[in-house]
Amino acid sequence: MSALFATVGLLLAQFGQGFGPGPEAEAKIQSASFAQAEAAQGETVQLDFTLEITEDWHIYHPDQNPNDGIPVSVTVVGEGFSIAGDLISLQEPEPHTLEVGDWKAEYLWLSDEPAFQVPVLVGAAVGEHEVEVVVNYQVCNDSTCLNATNVSTKVSLTVTQGTLPVAGADQAEGEAGLEHQDLERPDFPNSQVEVDLAIEGEMEVGQVVDVVVTMKVDKGWHVYHPDQDPNDGVPVHLAFAAEDFTLVEALTTNSGPKEVVERIGNAKALYLWLEGDLEFRGKVRVESNDPQGHPMLLRWQTCNEDTCLIPAQKTFLIGGMNGLGGLPENFWEFIMLAISAGLLTLLTPCVFPMIPVTISYFTKRAESGKGTPVGNALAYSGGIIFTFAGLGVGAAVLIGPTAANALGSNPWVNFAIGLLFVFMAISLLGFYEIQPPQFLNRFASKAQAEGQKKGGYLPVVLMAIAFTITAFTCTVGFVGFVFAAGLNLGVEFLIGGMLVYGAVFALPFFFLALFPSKLQSLPNAGGWMNTVKVCAGFVELAAAVKFFSNSDLQWEWEILTWPVFLGLWVLIALVWAAYMFGLFRLPHDYEKPKPGKARLGFAVVLTLLGLWMVPGVLDRGRDMKGLVAYLPPAHYGFHHLNEETGLILGPADLEWYENYDRAFEEAKKAGLPLFMDFTGVTCVNCRLMENGVFPDPEVRSRLGQFTRVELWVDKVPEYAQMEVERFQTASQPFYVLLDPRTDTVLATFPGYDPNPENFAVFLQKGLDAYASRTL
């Protein structure tokens, strides 16, 4: 009915205009210019223009419902230039309501000299350019409306070298640049449409991959075909950054659209409706490879016969830890940790004495002709790997794929791991022995005996499993490191880490089984083995402090603060050094140790390390290099939350909020952009950024121009959910610059970067974007 009344009204107006000359009224372009004289290729530049409207006449605001009046709109004509966002009116509209019976229409009038702003994407060649600005409008007074018309002018811009945004070659006219518009606005999915996006092909730079989009549209609703004129409805289309992907083929579908024609006076609009279950396909070329992944946005508009919803958007992270085909940040550091843990385990007293046992075992099997050397070696090393991998798989089954990250930061889990490390450390220092249960010892003895008597490879595998289990008193500490680190990356990496650890641990036993007679010359276990055992004990004590600190931070006990934590490490290092100097002995040392040159050298290193840490105990602002990654935040326990203001003195000695809603409102009230820091208690890279990057003068001065909020994802689940749902990532650190006036993203900075200059550029980009968005 609304369309009928609107049509009747417009027809009456046009009928009245048919008698005698029509009124002379217009909107002229009073001024137009770009906000800057030059812009780089790929940059978005602001276009400003002002209209002058005939007295007693008005035009319609850009937010006007097009069913009731034609809103003012703008296009730019010039090769390589395209509109990159919404047209914004700087003049508040004058609202008017027209009621006819039960029908009501809302009108938003603009009169006199309204000013406008619109972003323009620069993709032209380097040099001077004249761009034609075309403004479409409908002018009306209290009793009549004239036909919509255009007015144009030309503006100049100098284009400098940059990165060209490339649009698909076969995109429909009017859609050029559509895939690059406003990539950082938040997602707005709607419940009437279920959507999914998948990539078919290898995510490698230079490769063309297929993008497959599926949609399920509720009955009574429709979306618009990719060929829909975007001036009449938002078509289903992709959006992404030019440096991430190049559009090779725009989305197409085999589903035929339902064509709906709407006429208003002399104007005609063609709508291409799609309903039900839909599939779209397109092609993009991969332009870069970022471990964090690249956002690919799907946009559409959902309507029924009476109304259209706000244009919808859903972001999919392509590549990266949470996407398709990428590796998480710190993946290779984790693999190196697993390799190092496996190598160190081989030096422990529980393992080294097994070498002669292994040699004897496989020598007897070879003499009796049971199995081949290669088969025996593969079965034995495979049994060791299987045991450690089984531990990872068992954890995956018990934990589940979605709970590993939460478990890794759980304060009770960290506290339990800390207790385990203390328990193991005291044992390694020689104060008591941890013995496996008797049934395991019996199992190991039986497996060894049967392996020498029976043929086949199953007894060899059982022997390997028995050896791995009975050696747990030395392996558990090292496995704990790998296990805890894997939890924070996810169960798939936990399993992979245990496989790598097991493979490294099993490698020498593979060669022992392969060449048992060639390895009789290896050194015997002696006093040096006890020294290695004691060193492992001190390492586990230091690790226990870190795990206890994680729990302390979660529970906010404020016991293990920066100086207390560092003081304990100083104490451990100096006591360890004293032992290496031979100043005291431990229970397993039968006489006072006599240090050799290597031991003395190591003792000197430990002493220097301990003395180097001492000033850090007294000065929380001291640069502790890479060690800072493992320390609690420098301000922890010293600056408490001000309940009245909601502020706490935090990183870079600046004031921070810890409540998002309050920070958002305060930023809006203060007229400042919002700096969002997604951080975590167990996040070592977060500490590196806070202590190594934030205090840099160039970074700190720019941070001071934001309202700042720390969002602890492992303390407040809602913040973890916000990071995943709104920003499509679950990694920390992750930084977002937000415009609180419009709740839109100015810029993001994913991951750890030790270069303060890069972070300062990121902050400046956000400040510039905020300043350019005059509302």
# chains A, B, ... in the order shown; residues from 1 in each chain; ligands from 1
call {"tool": "closest_atom_pairs", "arguments": {"of": "stretch 245-313 of chain A", "to": "stretch 189-198 of chain A", "cutoff": "8 Å", "atoms": "only C-alpha atoms", "output": "CSV"}}
result
residue,atom,partner,partner_atom,distance
A:Thr302,CA,A:Gln192,CA,7.5
A:Ala312,CA,A:Pro189,CA,5.0
A:Gln313,CA,A:Pro189,CA,5.4
call {"tool": "write_last_selection", "arguments": {"atoms": "C-alpha atoms", "output": "PDB file, in the first residue's frame"}}
result
ATOM      1  CA  THR A 302      17.723  -9.443   2.840  1.00  0.00           C
ATOM      2  CA  ALA A 312      24.265  -7.668   6.062  1.00  0.00           C
ATOM      3  CA  GLN A 313      27.896  -8.767   6.314  1.00  0.00           C
TER       4      GLN A 313
END
call {"tool": "residues_around", "arguments": {"residues": "A:Val131", "least_positions_apart": "6", "cutoff": "10 Å", "atoms": "only C-alpha atoms", "output": "list in words"}}
result
Ser33, Val76, Val77, Gly78, Glu79, Gly80, Phe81, Thr153, Lys154, Val155, Ser156 and Leu157 of chain A
call {"tool": "closest_residue", "arguments": {"among": "A:Val713, A:Leu586, A:Cys683, A:Leu631", "to": "A:Tyr752", "atoms": "only C-alpha atoms"}}
result
A:Cys683
call {"tool": "residues_around", "arguments": {"residues": "A:Gln64", "least_positions_apart": "6", "cutoff": "12 Å", "atoms": "only C-alpha atoms", "output": "list of chain:residue names"}}
result
A:Ile70, A:Pro71, A:Val72, A:Ser73, A:Leu87, A:Ser89, A:Pro93, A:Glu94, A:Pro95, A:His96, A:Ala105, A:Glu106, A:Tyr107, A:Leu108, A:Trp109, A:Leu110, A:Tyr137, A:Gln138
call {"tool": "atom_distance", "arguments": {"atom1": "atom CA of A:Pro740", "atom2": "atom CA of A:Ser772"}}
result
14.2 Å
call {"tool": "select_by_dssp", "arguments": {"residues": "stretch 592-623 of chain A", "states": "alpha helix (DSSP H)", "output": "number ranges by chain"}}
result
A: 597-618
call {"tool": "closest_residue", "arguments": {"among": "A:Val534, A:Val699, A:Val684, A:Val709", "to": "A:Phe762", "atoms": "only C-alpha atoms"}}
result
A:Val699
call {"tool": "closest_residue", "arguments": {"among": "A:Pro756, A:Pro114, A:Gly751, A:Gly418", "to": "A:Ser551", "atoms": "only C-alpha atoms"}}
result
A:Gly418
call {"tool": "residues_around", "arguments": {"residues": "A:Leu337", "least_positions_apart": "4", "cutoff": "8 Å", "atoms": "only C-alpha atoms", "output": "number ranges by chain"}}
result
A: 333, 341, 482
